[in-house]
$ cat protein07.txt   # compact mmCIF, C-alpha atoms
# COMPACT_ATOMS: atom_id res chain seq x y z
CA MET A 1 0.00 0.00 0.00
CA ASN A 2 1.34 3.43 -0.88
CA CYS A 3 1.28 6.46 1.38
CA GLU A 4 -1.29 8.32 -0.65
CA ALA A 5 -3.86 5.56 -0.22
CA ALA A 6 -2.90 5.01 3.40
CA GLU A 7 -3.34 8.67 4.33
CA THR A 8 -6.93 8.55 3.19
CA LEU A 9 -7.60 5.14 4.65
CA VAL A 10 -6.43 6.07 8.14
CA ASN A 11 -9.64 8.12 8.30
CA ALA A 12 -11.75 5.08 7.60
CA LEU A 13 -9.72 3.17 10.17
CA VAL A 14 -10.38 5.79 12.85
CA ASP A 15 -14.06 5.89 11.92
CA GLY A 16 -14.35 2.11 12.16
CA GLU A 17 -15.38 1.84 8.53
CA LEU A 18 -12.81 -0.71 7.36
CA ASP A 19 -13.32 -4.44 7.25
CA ALA A 20 -10.76 -6.60 9.06
CA GLY A 21 -8.70 -7.28 5.93
CA HIS A 22 -8.27 -3.64 4.93
CA ALA A 23 -7.73 -2.57 8.52
CA ARG A 24 -4.82 -5.01 8.78
CA GLU A 25 -3.31 -3.68 5.55
CA VAL A 26 -3.43 -0.12 6.79
CA GLU A 27 -2.00 -1.09 10.15
CA THR A 28 0.84 -2.97 8.51
CA HIS A 29 1.70 0.04 6.37
CA VAL A 30 1.50 2.44 9.30
CA ALA A 31 3.80 0.23 11.37
CA SER A 32 6.59 0.72 8.88
CA CYS A 33 5.91 4.33 7.80
CA PRO A 34 6.44 7.11 10.34
CA ARG A 35 4.72 9.66 8.13
CA CYS A 36 1.49 7.69 7.92
CA ALA A 37 1.78 6.76 11.58
CA ALA A 38 1.77 10.48 12.37
CA ALA A 39 -1.23 10.99 10.09
CA LEU A 40 -3.08 8.24 11.94
CA ALA A 41 -2.25 9.75 15.33
CA ASP A 42 -3.34 13.22 14.16
CA THR A 43 -6.62 11.94 12.79
CA ARG A 44 -7.32 10.04 15.97
CA ASP A 45 -6.52 13.10 18.10
CA LEU A 46 -8.81 15.32 16.10
CA HIS A 47 -11.60 12.74 16.17
CA ARG A 48 -11.36 12.43 19.96
CA ALA A 49 -11.11 16.16 20.51
CA MET A 50 -14.22 16.80 18.44
CA ALA A 51 -16.12 14.14 20.32
CA GLN A 52 -15.34 15.90 23.59
CA LEU A 53 -16.23 19.39 22.48
CA ASP A 54 -19.73 20.71 22.33
CA LEU A 55 -20.18 21.49 18.68
CA ARG A 56 -23.88 20.92 18.25
CA TYR A 57 -26.13 23.94 18.00
CA LYS A 58 -29.34 23.87 19.95
CA ALA A 59 -32.51 24.98 18.22
CA PRO A 60 -33.93 28.22 19.60
CA LEU A 61 -36.68 27.83 22.13
CA GLY A 62 -40.04 27.64 20.53
CA LEU A 63 -38.86 26.43 17.12
CA SER A 64 -40.27 23.00 17.79
CA ARG A 65 -43.54 24.58 18.88
CA ARG A 66 -43.68 26.75 15.77
CA ILE A 67 -43.11 23.76 13.51
CA GLU A 68 -45.84 21.90 15.27
CA ALA A 69 -48.19 24.83 14.85
CA ALA A 70 -47.36 25.02 11.14
CA LEU A 71 -48.09 21.34 10.61
CA PRO A 72 -51.52 20.81 9.17
CA ARG A 73 -53.93 20.25 11.97
CA PRO A 74 -56.67 17.77 11.37
CA ALA A 75 -59.54 19.74 9.90
CA ARG A 76 -62.29 20.69 12.28
CA VAL A 77 -64.81 17.97 12.59
CA THR A 78 -67.78 20.01 11.42
CA THR A 79 -69.06 17.33 9.10
CA ASP A 80 -68.80 14.84 11.86
CA ARG A 81 -70.76 17.08 14.16
CA ARG A 82 -73.42 17.80 11.62
CA THR A 83 -73.89 14.13 10.94
CA LEU A 84 -73.95 13.63 14.63
CA LEU A 85 -76.62 16.27 15.01
CA LYS A 86 -78.77 14.68 12.31
CA GLY A 87 -78.34 11.39 14.05
CA PHE A 88 -79.29 13.06 17.26
CA VAL A 89 -82.57 14.35 15.89
CA LEU A 90 -83.33 11.09 14.24
CA GLY A 91 -82.27 9.22 17.30
CA ALA A 92 -84.46 11.38 19.52
CA THR A 93 -87.48 10.63 17.36
CA LEU A 94 -86.77 6.99 17.48
CA SER A 95 -85.86 7.01 21.10
CA GLY A 96 -89.48 6.88 22.16
CA ALA A 97 -89.88 3.66 20.27
CA VAL A 98 -86.73 1.95 21.38
CA ALA A 99 -86.39 3.69 24.69
CA ALA A 100 -85.51 0.80 26.89
CA SER A 101 -84.13 -1.45 24.21
CA GLY A 102 -80.68 -1.65 25.76
CA LEU A 103 -79.17 -1.18 22.35
CA PHE A 104 -77.40 1.97 23.44
CA LEU A 105 -75.33 -0.03 25.85
CA PHE A 106 -73.90 -1.96 22.99
CA VAL A 107 -73.22 1.19 21.02
CA ARG A 108 -71.58 2.88 23.96
CA ASP A 109 -69.36 -0.11 24.46
CA ASP A 110 -68.29 0.25 20.88
CA ARG A 111 -67.21 3.83 21.26
CA GLU A 112 -65.52 2.99 24.54
CA ARG A 113 -63.53 0.34 22.81
CA TRP A 114 -62.10 2.41 20.00
CA MET A 115 -61.54 5.38 22.23
CA ALA A 116 -59.65 3.15 24.64
CA ALA A 117 -57.49 1.99 21.74
CA ASP A 118 -56.83 5.62 20.84
CA VAL A 119 -55.93 6.47 24.42
CA LEU A 120 -53.57 3.52 24.57
CA SER A 121 -51.74 4.42 21.36
CA ALA A 122 -51.39 8.05 22.38
CA HIS A 123 -50.03 6.99 25.76
CA LEU A 124 -47.57 4.55 24.20
CA ARG A 125 -46.44 7.13 21.68
CA SER A 126 -45.58 9.61 24.37
CA LEU A 127 -43.71 7.02 26.44
CA GLN A 128 -41.83 5.90 23.34
CA SER A 129 -40.76 9.36 22.27
CA THR A 130 -39.82 10.18 25.88
CA ARG A 131 -41.75 13.35 25.34
CA LEU A 132 -44.14 13.05 28.20
CA THR A 133 -44.96 16.71 28.50
CA ASP A 134 -45.01 19.85 26.37
CA ILE A 135 -44.95 21.91 29.50
CA GLU A 136 -43.12 20.50 32.44
CA THR A 137 -44.06 21.85 35.84
CA SER A 138 -45.53 20.68 39.10
CA ASP A 139 -47.51 23.90 39.41
CA GLN A 140 -51.14 23.46 38.50
CA HIS A 141 -51.49 27.22 37.96
CA THR A 142 -48.91 27.06 35.19
CA VAL A 143 -50.32 24.03 33.43
CA LYS A 144 -53.90 25.21 33.20
CA PRO A 145 -53.30 28.56 31.43
CA TRP A 146 -50.80 26.88 29.10
CA PHE A 147 -53.73 25.18 27.37
CA ASN A 148 -55.40 28.53 26.68
CA GLY A 149 -55.80 29.09 22.99
CA LYS A 150 -54.45 25.65 22.17
CA ILE A 151 -57.68 23.75 22.56
CA ASP A 152 -61.28 24.74 22.97
CA ILE A 153 -61.71 23.38 26.46
CA ALA A 154 -60.23 24.50 29.77
CA PRO A 155 -59.13 21.22 31.30
CA PRO A 156 -59.22 21.10 35.07
CA VAL A 157 -55.75 20.66 36.53
CA VAL A 158 -55.68 19.50 40.10
CA ASP A 159 -52.76 19.12 42.45
CA LEU A 160 -52.76 15.67 44.01
CA THR A 161 -49.25 15.68 45.44
CA ALA A 162 -50.61 15.25 48.94
CA LYS A 163 -52.44 12.15 47.74
CA GLY A 164 -49.31 10.62 46.30
CA PHE A 165 -49.80 11.62 42.66
CA THR A 166 -47.16 14.08 41.52
CA LEU A 167 -48.07 16.52 38.77
CA LEU A 168 -45.47 16.38 35.99
CA GLY A 169 -47.02 18.75 33.48
CA GLY A 170 -49.28 18.78 30.46
CA ARG A 171 -49.23 18.18 26.73
CA LEU A 172 -51.43 18.36 23.70
CA ASP A 173 -52.41 15.13 22.06
CA TYR A 174 -55.03 13.70 19.77
CA LEU A 175 -57.97 11.45 20.42
CA ASP A 176 -60.47 10.59 17.79
CA GLY A 177 -58.60 12.93 15.44
CA LYS A 178 -59.28 15.92 17.66
CA PRO A 179 -56.88 17.80 19.89
CA CYS A 180 -57.24 17.06 23.57
CA ALA A 181 -55.48 17.96 26.78
CA VAL A 182 -53.33 15.51 28.67
CA ILE A 183 -52.41 16.15 32.28
CA VAL A 184 -49.45 14.01 33.26
CA TYR A 185 -49.01 12.63 36.75
CA LYS A 186 -46.63 10.21 38.33
CA ARG A 187 -46.99 7.70 41.11
CA ARG A 188 -43.69 6.20 42.14
CA LYS A 189 -42.12 5.27 38.79
CA HIS A 190 -45.41 5.01 36.94
CA VAL A 191 -46.67 7.64 34.55
CA ILE A 192 -50.38 8.38 34.57
CA ASP A 193 -51.80 10.21 31.58
CA LEU A 194 -55.13 11.91 32.14
CA PHE A 195 -56.76 12.67 28.80
CA VAL A 196 -59.46 15.31 28.85
CA GLU A 197 -61.67 15.61 25.78
CA GLN A 198 -65.04 16.87 24.88
CA ASN A 199 -67.65 15.45 22.60
CA ALA A 200 -71.34 15.67 22.04
CA GLN A 201 -72.02 12.58 24.05
CA ALA A 202 -70.52 13.69 27.33
CA ILE A 203 -73.42 12.58 29.43
CA ASN A 204 -72.40 11.79 32.96
CA GLN A 205 -71.31 8.22 33.13
CA PRO A 206 -70.04 6.24 36.06
CA ALA A 207 -66.39 5.33 35.96
CA SER A 208 -65.35 2.02 34.47
CA THR A 209 -61.99 0.34 34.06
CA THR A 210 -60.75 -1.65 31.10
CA LYS A 211 -57.49 -3.48 30.84
CA VAL A 212 -55.69 -3.33 27.51
CA GLN A 213 -52.25 -4.79 26.86
CA GLY A 214 -51.30 -4.59 30.52
CA PHE A 215 -52.48 -1.01 30.91
CA ASN A 216 -55.46 0.04 32.94
CA ILE A 217 -57.73 2.63 31.44
CA ARG A 218 -60.34 4.32 33.57
CA HIS A 219 -63.00 6.34 31.82
CA TRP A 220 -65.62 8.62 33.28
CA THR A 221 -67.46 11.79 32.39
CA GLU A 222 -67.88 14.80 34.53
CA ALA A 223 -68.72 18.46 34.01
CA GLY A 224 -69.42 17.82 30.33
CA LEU A 225 -65.95 16.39 29.74
CA HIS A 226 -64.63 12.92 29.09
CA PHE A 227 -61.77 11.78 31.28
CA TRP A 228 -59.52 8.89 30.38
CA ALA A 229 -56.84 7.93 32.86
CA ILE A 230 -54.28 5.41 31.67
CA SER A 231 -51.33 3.89 33.45
CA ASP A 232 -49.57 0.66 34.23
CA ILE A 233 -50.37 1.01 37.93
CA ASN A 234 -52.90 -1.49 39.21
CA ALA A 235 -56.62 -1.00 38.76
CA SER A 236 -57.36 -0.14 42.38
CA GLU A 237 -54.72 2.60 42.46
CA LEU A 238 -56.06 3.99 39.22
CA ALA A 239 -59.55 3.99 40.71
CA GLU A 240 -58.14 5.83 43.69
CA PHE A 241 -56.62 8.36 41.31
CA GLN A 242 -59.95 8.85 39.58
CA GLU A 243 -61.72 9.35 42.89
CA GLU A 244 -59.19 11.94 43.98
CA VAL A 245 -59.61 13.82 40.70
CA SER A 246 -63.39 13.67 40.98
CA THR A 247 -63.33 14.82 44.59
CA ALA A 248 -61.08 17.72 43.72
CA LEU A 249 -63.40 18.70 40.86
CA SER A 250 -66.75 18.53 42.56
CA PRO A 251 -67.76 21.40 44.79
CA ARG A 252 -67.25 20.65 48.46
CA ASP A 253 -70.23 19.46 50.43
CA GLY A 254 -72.09 22.39 51.84
CA ALA A 255 -70.00 24.86 49.88
CA MET B 1 -82.30 11.58 30.95
CA THR B 2 -82.98 10.68 27.35
CA VAL B 3 -81.32 7.40 26.93
CA GLY B 4 -82.09 6.61 23.34
CA VAL B 5 -80.27 9.53 21.73
CA ARG B 6 -77.07 7.63 21.60
CA VAL B 7 -78.53 4.85 19.54
CA LEU B 8 -78.09 5.81 15.95
CA PRO B 9 -75.19 8.07 15.26
CA THR B 10 -72.29 6.02 16.39
CA ASP B 11 -72.42 3.10 14.04
CA LYS B 12 -72.89 5.47 11.12
CA LEU B 13 -69.86 7.43 12.17
CA ILE B 14 -67.43 4.63 12.68
CA PRO B 15 -66.22 4.10 9.12
CA MET B 16 -65.90 7.83 8.58
CA ARG B 17 -63.95 8.28 11.76
CA VAL B 18 -61.52 5.56 10.87
CA ALA B 19 -60.72 6.94 7.44
CA TYR B 20 -60.35 10.40 8.86
CA ASP B 21 -58.09 9.29 11.69
CA GLU B 22 -55.82 7.33 9.43
CA GLU B 23 -55.30 10.17 7.06
CA GLU B 24 -54.81 13.13 9.33
CA GLY B 25 -54.93 12.53 13.02
CA THR B 26 -52.65 9.57 13.39
CA ARG B 27 -50.42 10.64 10.55
CA ALA B 28 -49.70 13.98 12.20
CA ALA B 29 -49.33 12.35 15.59
CA ARG B 30 -46.97 9.72 14.18
CA PHE B 31 -44.91 12.41 12.49
CA ARG B 32 -44.76 14.35 15.72
CA ALA B 33 -43.57 11.34 17.64
CA ILE B 34 -41.02 10.17 15.09
CA ALA B 35 -39.62 13.29 13.47
CA LEU B 36 -39.99 16.20 15.88
CA PRO B 37 -37.55 14.89 18.50
CA HIS B 38 -34.82 15.57 15.93
CA VAL B 39 -35.40 19.31 15.73
CA ASP B 40 -32.08 20.10 17.41
CA ASP B 41 -30.09 17.83 15.09
CA VAL B 42 -31.73 19.22 11.99
CA TYR B 43 -31.32 22.78 13.17
CA SER B 44 -27.67 22.22 14.04
CA LEU B 45 -26.92 20.89 10.57
CA ALA B 46 -28.80 23.76 8.94
CA ARG B 47 -26.83 26.21 11.06
CA TYR B 48 -23.55 24.71 9.82
CA LEU B 49 -24.71 24.65 6.22
CA LEU B 50 -26.06 28.20 6.20
CA GLY B 51 -23.83 29.98 8.67
CA ASN B 52 -26.42 31.94 10.59
CA THR B 53 -29.22 31.33 13.02
CA ALA B 54 -32.16 33.06 11.35
CA ASP B 55 -31.79 31.18 8.07
CA ALA B 56 -31.12 27.94 9.91
CA GLU B 57 -34.41 28.40 11.70
CA ASP B 58 -36.31 29.03 8.45
CA ALA B 59 -34.64 26.05 6.79
CA THR B 60 -35.48 23.78 9.69
CA GLN B 61 -39.11 24.78 9.65
CA GLU B 62 -39.35 24.37 5.88
CA ALA B 63 -37.59 20.99 6.07
CA PHE B 64 -40.05 19.65 8.62
CA LEU B 65 -43.03 20.80 6.59
CA ARG B 66 -41.57 19.16 3.50
CA ALA B 67 -40.83 16.02 5.48
CA PHE B 68 -44.42 15.93 6.65
CA ARG B 69 -45.71 16.28 3.10
CA HIS B 70 -43.55 13.37 2.01
CA PHE B 71 -44.01 11.36 5.16
CA ASP B 72 -45.74 8.63 3.17
CA THR B 73 -42.57 8.02 1.20
CA PHE B 74 -40.51 7.50 4.33
CA ARG B 75 -39.83 3.78 4.48
CA GLY B 76 -36.58 3.49 6.33
CA THR B 77 -35.90 2.94 9.96
CA ALA B 78 -33.45 5.79 10.43
CA VAL B 79 -35.39 9.00 10.41
CA LYS B 80 -32.41 11.27 11.09
CA PRO B 81 -30.56 10.72 7.78
CA TRP B 82 -33.85 11.11 5.96
CA LEU B 83 -34.48 14.47 7.63
CA PHE B 84 -30.88 15.51 6.99
CA ALA B 85 -31.22 14.82 3.27
CA ILE B 86 -34.31 17.01 3.20
CA VAL B 87 -32.84 19.89 5.17
CA ARG B 88 -29.70 19.76 3.07
CA ASN B 89 -31.80 20.22 -0.05
CA VAL B 90 -33.67 23.10 1.54
CA CYS B 91 -30.35 24.74 2.45
CA ARG B 92 -29.00 24.30 -1.07
CA THR B 93 -32.07 25.92 -2.56
CA MET B 94 -31.80 28.79 -0.13
CA ARG B 95 -28.14 29.28 -0.95
CA GLN B 96 -28.74 29.16 -4.70
CA SER B 97 -31.52 31.71 -4.56
CA SER B 98 -29.16 33.70 -2.29
CA VAL B 99 -31.77 34.49 0.28
CA VAL B 100 -29.15 33.58 2.85
CA SER B 101 -27.95 36.45 4.97
CA SER B 102 -24.30 36.83 5.73
CA LEU B 103 -22.49 35.00 8.46
CA ASP B 104 -23.37 36.08 11.88
CA ASP B 105 -21.53 34.80 14.87
CA ALA B 106 -23.58 36.31 17.60
CA ASP B 107 -24.93 32.87 18.41
CA ASP B 108 -21.43 31.56 18.98
CA ARG B 109 -21.30 33.61 22.12
CA ALA B 110 -24.34 31.82 23.41
CA VAL B 111 -22.70 28.43 23.60
CA PRO B 112 -24.54 26.13 25.99
CA LEU B 113 -23.68 26.07 29.62
CA TRP B 114 -23.16 22.39 30.00
CA SER B 115 -22.96 20.90 33.42
CA ALA B 116 -19.48 20.80 34.89
CA GLU B 117 -20.01 17.52 36.68
CA GLY B 118 -16.79 15.85 37.63
CA GLU B 119 -14.73 18.45 35.83
CA THR B 120 -12.83 21.35 37.23
CA PRO B 121 -14.15 24.76 36.23
CA GLU B 122 -10.84 25.45 34.49
CA ILE B 123 -11.24 22.49 32.17
CA GLU B 124 -14.79 23.56 31.44
CA VAL B 125 -13.65 27.05 30.55
CA VAL B 126 -11.06 25.68 28.17
CA ARG B 127 -13.57 23.30 26.64
CA GLN B 128 -16.09 26.03 26.14
CA ARG B 129 -13.50 28.27 24.54
CA ASP B 130 -12.30 25.45 22.29
CA SER B 131 -15.83 24.59 21.28
CA ILE B 132 -16.47 28.15 20.16
CA GLU B 133 -13.18 28.17 18.32
CA VAL B 134 -13.82 24.90 16.47
CA ARG B 135 -17.35 25.97 15.54
CA ARG B 136 -15.86 29.08 13.98
CA MET B 137 -13.21 27.08 12.12
CA LEU B 138 -15.86 24.74 10.76
CA ASP B 139 -17.77 27.75 9.48
CA GLU B 140 -14.70 28.82 7.57
CA LEU B 141 -14.11 25.49 5.82
CA PRO B 142 -15.32 25.12 2.21
CA ALA B 143 -18.88 23.81 2.22
CA ALA B 144 -18.14 20.39 0.70
CA PHE B 145 -15.66 19.55 3.45
CA ARG B 146 -17.64 21.19 6.22
CA GLU B 147 -20.75 19.14 5.62
CA VAL B 148 -19.02 15.75 5.65
CA LEU B 149 -17.10 16.67 8.80
CA VAL B 150 -20.28 17.80 10.56
CA LEU B 151 -22.23 14.71 9.51
CA ARG B 152 -19.39 12.42 10.57
CA GLU B 153 -18.00 14.01 13.73
CA ILE B 154 -21.03 15.75 15.17
CA ASP B 155 -23.93 13.66 13.92
CA ASP B 156 -22.02 10.39 14.00
CA LEU B 157 -23.38 9.04 10.73
CA SER B 158 -21.76 6.21 8.78
CA TYR B 159 -19.98 6.83 5.47
CA ARG B 160 -22.83 5.12 3.65
CA GLU B 161 -25.45 7.36 5.26
CA ILE B 162 -23.40 10.46 4.50
CA ALA B 163 -22.91 9.31 0.90
CA GLU B 164 -26.66 8.96 0.50
CA ILE B 165 -27.38 12.37 1.95
CA VAL B 166 -24.73 14.15 -0.08
CA GLY B 167 -25.36 12.07 -3.20
CA VAL B 168 -21.75 11.05 -3.96
CA PRO B 169 -19.91 7.70 -3.69
CA VAL B 170 -18.53 6.49 -0.37
CA GLY B 171 -14.97 6.88 -1.67
CA THR B 172 -15.54 10.58 -2.26
CA ILE B 173 -16.87 10.96 1.28
CA MET B 174 -13.71 9.35 2.60
CA SER B 175 -11.37 11.60 0.65
CA ARG B 176 -13.36 14.72 1.55
CA LEU B 177 -13.17 13.73 5.19
CA ALA B 178 -9.42 13.28 4.94
CA ARG B 179 -9.01 16.70 3.32
CA GLY B 180 -11.46 18.33 5.72
CA ARG B 181 -9.73 16.94 8.78
CA ALA B 182 -6.35 18.05 7.48
CA MET B 183 -7.67 21.59 6.91
CA LEU B 184 -9.32 21.76 10.29
CA ARG B 185 -6.18 20.55 11.96
CA ALA B 186 -4.08 23.11 10.12
CA ALA B 187 -6.47 25.87 11.18
CA TRP B 188 -6.31 24.65 14.76
CA LEU B 189 -2.49 24.59 14.79
CA ALA B 190 -2.38 28.06 13.23
CA GLY B 191 -4.66 29.31 15.99
CA GLN B 192 -2.49 27.74 18.66
CA SER B 193 0.73 29.29 17.38
CA LYS B 194 -0.94 32.69 17.03
CA GLU B 195 -2.01 32.38 20.62
CA LYS B 196 1.52 31.67 21.70
CA VAL B 197 2.87 34.72 19.88
CA THR B 198 0.42 37.09 21.47

$ encode --input "protein07.txt" --output "structure tokens"
Amino acid sequence: MNCEAAETLVNALVDGELDAGHAREVETHVASCPRCAAALADTRDLHRAMAQLDLRYKAPLGLSRRIEAALPRPARVTTDRRTLLKGFVLGATLSGAVAASGLFLFVRDDRERWMAADVLSAHLRSLQSTRLTDIETSDQHTVKPWFNGKIDIAPPVVDLTAKGFTLLGGRLDYLDGKPCAVIVYKRRKHVIDLFVEQNAQAINQPASTTKVQGFNIRHWTEAGLHFWAISDINASELAEFQEEVSTALSPRDGA
Amino acid sequence: MTVGVRVLPTDKLIPMRVAYDEEEGTRAARFRAIALPHVDDVYSLARYLLGNTADAEDATQEAFLRAFRHFDTFRGTAVKPWLFAIVRNVCRTMRQSSVVSSLDDADDRAVPLWSAEGETPEIEVVRQRDSIEVRRMLDELPAAFREVLVLREIDDLSYREIAEIVGVPVGTIMSRLARGRAMLRAAWLAGQSKEKVT
């Protein structure tokens, strides 16, 4: 191997890009050529020095947020709503006839099921991307106003630290193709996502728990909003969480 | 409470909802989860390719919007090289249409305050000063050498990935790296000796 080739190849050697055969050839040449040995040492030095320095630029604050805002949002669901409204009227007319038919239970179950799937994927996505929160703070008075102007509901944010649920922050997410608020809590090492969304069918429903892929999902409605709590903590702890949230939301007795 | 109102709409809505979700909701959410965590990497590359912060910001934003539009064509597993190829194209276009403002180095002063854990403050000061210095030297290298050095040493990509992004054979990447490193080293040594004189 001549020096010209070797001087280029020492780069590939330092970068770990040579197969064993070529690496040996370069090493053999370097062993008997002080000039190329120096080139190898220099390249290695520079490579190490650059690895230790901080050469990466950090994007300005808010760039990520601006990009997100510029991404096409899912169009407003007006058609959905209109269809829903038509269905409503039609449904109301029919309701007299089928009032106690029990059919609605089946239908509700159906919505529950695909919403639960949505909640699960959104939860998994956030765990996967290690981006749990868009705004990270344990202060409920910071999280709540952060949602202003981002979604058309004002999600209740309650501080449950005293009850053993630490507030981590909040983020925007999507359920059913619509933006929703997520309040993020933590119990011990477990993340609890509380999704808050609104839809036309937010009639007060008692809480119920479903288990999907090892996660517990607790769903209930309150104050015209749907709440979905999801976590890998056990079902009874999640129920406790839901009760604490509900207690904090409902006006005190006698107040 | 009127119980029956929930009877009809839902089963009519289901197919519509699914189609809608697939096309917009989940697609945007997937893009957010997969691509957006790389904002810093993309921005950093754009900053090196364009030489100033304002243009780098524009390029980054444009690159992500383009990436989203072509998200369907993304098949690979490595999203970073894919985003880099896009932002590099955006930067080239910007340079060619000469919308790029001149070099500014104001941002070099705002080098991160990394944590000094386990290091003496003196070492940290030297490292910070050296980082600023090397960033400046990289800015002064000819573009073809600068980009391969940045992609290799800062973004830690393989020769093959760099070759795909830049659109030249692997051999060319290797020789550009060799030249680039030699130039950077020469600049560094020149800086050192100047320092000694003064």

$ atom_distance --input "protein07.txt" --atom1 "CA of Glu153 (chain B)" --atom2 "CA of Phe71 (chain B)"
27.5 Å

$ atom_distance --input "protein07.txt" --atom1 "CA of Ala38 (chain A)" --atom2 "CA of Leu9 (chain A)"
13.3 Å

$ closest_residue --input "protein07.txt" --among "B:Arg95, B:Arg32, B:Arg146, B:Arg88" --to "chain A" --atoms "all atoms listed in the file"
B:Arg32

$ closest_residue --input "protein07.txt" --among "A:Lys163, A:Arg35, A:Arg66, A:His22" --to "chain B" --atoms "all atoms listed in the file"
A:Arg66

$ residues_near_point --input "protein07.txt" --point "(-14.7, 26.2, 8.0)" --cutoff "10 Å" --atoms "only C-alpha atoms" --output "number ranges by chain"
B: 48, 51, 134-147, 149, 180, 183-184, 187

$ closest_residue --input "protein07.txt" --among "B:Arg47, B:Lys194, B:Arg179, B:Arg160" --to "Lys58 (chain A)" --atoms "all atoms listed in the file"
B:Arg47

$ residues_around --input "protein07.txt" --residues "Leu120 (chain A)" --least-positions-apart "3" --cutoff "10 Å" --atoms "only C-alpha atoms" --output "list in words"
Trp114, Met115, Ala116, Ala117, His123, Leu124, Arg125, Leu175, Asp193, Val212, Gln213, Phe215, Asn216, Ile217, Trp228, Ala229, Ile230 and Ser231 of chain A

$ closest_residue --input "protein07.txt" --among "B:Gln192, B:Asp55, B:Leu49, B:Leu36" --to "chain A" --atoms "all atoms listed in the file"
B:Leu36

$ closest_residue --input "protein07.txt" --among "A:Glu17, A:Ser64, A:Asn2, A:Pro34" --to "Arg152 (chain B)" --atoms "all atoms listed in the file"
A:Glu17

$ residues_around --input "protein07.txt" --residues "region 81-83 of chain B" --least-positions-apart "2" --cutoff "10 Å" --atoms "only C-alpha atoms" --output "list in words"
Ala35, His38, Val39, Asp41, Val42, Thr60, Ala63, Phe64, Arg66, Ala67, Phe74, Arg75, Gly76, Thr77, Ala78, Val79, Ala85, Ile86, Val87, Arg88, Asn89, Leu151, Asp155, Leu157, Ser158, Glu161, Ile162, Glu164 and Ile165 of chain B

$ write_last_selection --input "protein07.txt" --atoms "C-alpha atoms" --output "short mmCIF file (atom, residue, chain, number, x, y, z; two decimals), in the coordinates of the input"
data_model
loop_
_atom_site.label_atom_id
_atom_site.label_comp_id
_atom_site.auth_asym_id
_atom_site.auth_seq_id
_atom_site.Cartn_x
_atom_site.Cartn_y
_atom_site.Cartn_z
CA ALA B 35 -39.62 13.29 13.47
CA HIS B 38 -34.82 15.57 15.93
CA VAL B 39 -35.40 19.31 15.73
CA ASP B 41 -30.09 17.83 15.09
CA VAL B 42 -31.73 19.22 11.99
CA THR B 60 -35.48 23.78 9.69
CA ALA B 63 -37.59 20.99 6.07
CA PHE B 64 -40.05 19.65 8.62
CA ARG B 66 -41.57 19.16 3.50
CA ALA B 67 -40.83 16.02 5.48
CA PHE B 74 -40.51 7.50 4.33
CA ARG B 75 -39.83 3.78 4.48
CA GLY B 76 -36.58 3.49 6.33
CA THR B 77 -35.90 2.94 9.96
CA ALA B 78 -33.45 5.79 10.43
CA VAL B 79 -35.39 9.00 10.41
CA ALA B 85 -31.22 14.82 3.27
CA ILE B 86 -34.31 17.01 3.20
CA VAL B 87 -32.84 19.89 5.17
CA ARG B 88 -29.70 19.76 3.07
CA ASN B 89 -31.80 20.22 -0.05
CA LEU B 151 -22.23 14.71 9.51
CA ASP B 155 -23.93 13.66 13.92
CA LEU B 157 -23.38 9.04 10.73
CA SER B 158 -21.76 6.21 8.78
CA GLU B 161 -25.45 7.36 5.26
CA ILE B 162 -23.40 10.46 4.50
CA GLU B 164 -26.66 8.96 0.50
CA ILE B 165 -27.38 12.37 1.95
#

$ atom_distance --input "protein07.txt" --atom1 "CA of Val196 (chain A)" --atom2 "CA of Ile183 (chain A)"
7.9 Å

$ closest_residue --input "protein07.txt" --among "A:Thr8, A:Thr161, A:Thr247, A:Thr209" --to "chain B" --atoms "all atoms listed in the file"
A:Thr8

$ residues_around --input "protein07.txt" --residues "region 133-150 of chain A" --least-positions-apart "6" --cutoff "6 Å" --atoms "only C-alpha atoms" --output "PDB file with C-alpha atoms, keeping the file's coordinate frame"
ATOM      1  CA  VAL A 157     -55.750  20.660  36.530  1.00  0.00           C
ATOM      2  CA  LEU A 167     -48.070  16.520  38.770  1.00  0.00           C
ATOM      3  CA  LEU A 168     -45.470  16.380  35.990  1.00  0.00           C
ATOM      4  CA  GLY A 169     -47.020  18.750  33.480  1.00  0.00           C
ATOM      5  CA  GLY A 170     -49.280  18.780  30.460  1.00  0.00           C
ATOM      6  CA  ARG A 171     -49.230  18.180  26.730  1.00  0.00           C
TER       7      ARG A 171
END

$ residues_around --input "protein07.txt" --residues "Glu25 (chain A)" --least-positions-apart "2" --cutoff "12 Å" --atoms "all atoms listed in the file" --output "list in words"
Met1, Asn2, Cys3, Ala5, Ala6, Leu9, Val10, Leu13, Leu18, Asp19, Ala20, Gly21, His22, Ala23, Glu27, Thr28, His29, Val30, Ala31 and Ser32 of chain A

$ residues_around --input "protein07.txt" --residues "Asp152 (chain A)" --least-positions-apart "3" --cutoff "12 Å" --atoms "only C-alpha atoms" --output "ChimeraX atom specification"
/A:76,147-149,155,172,178-181,196-199,225
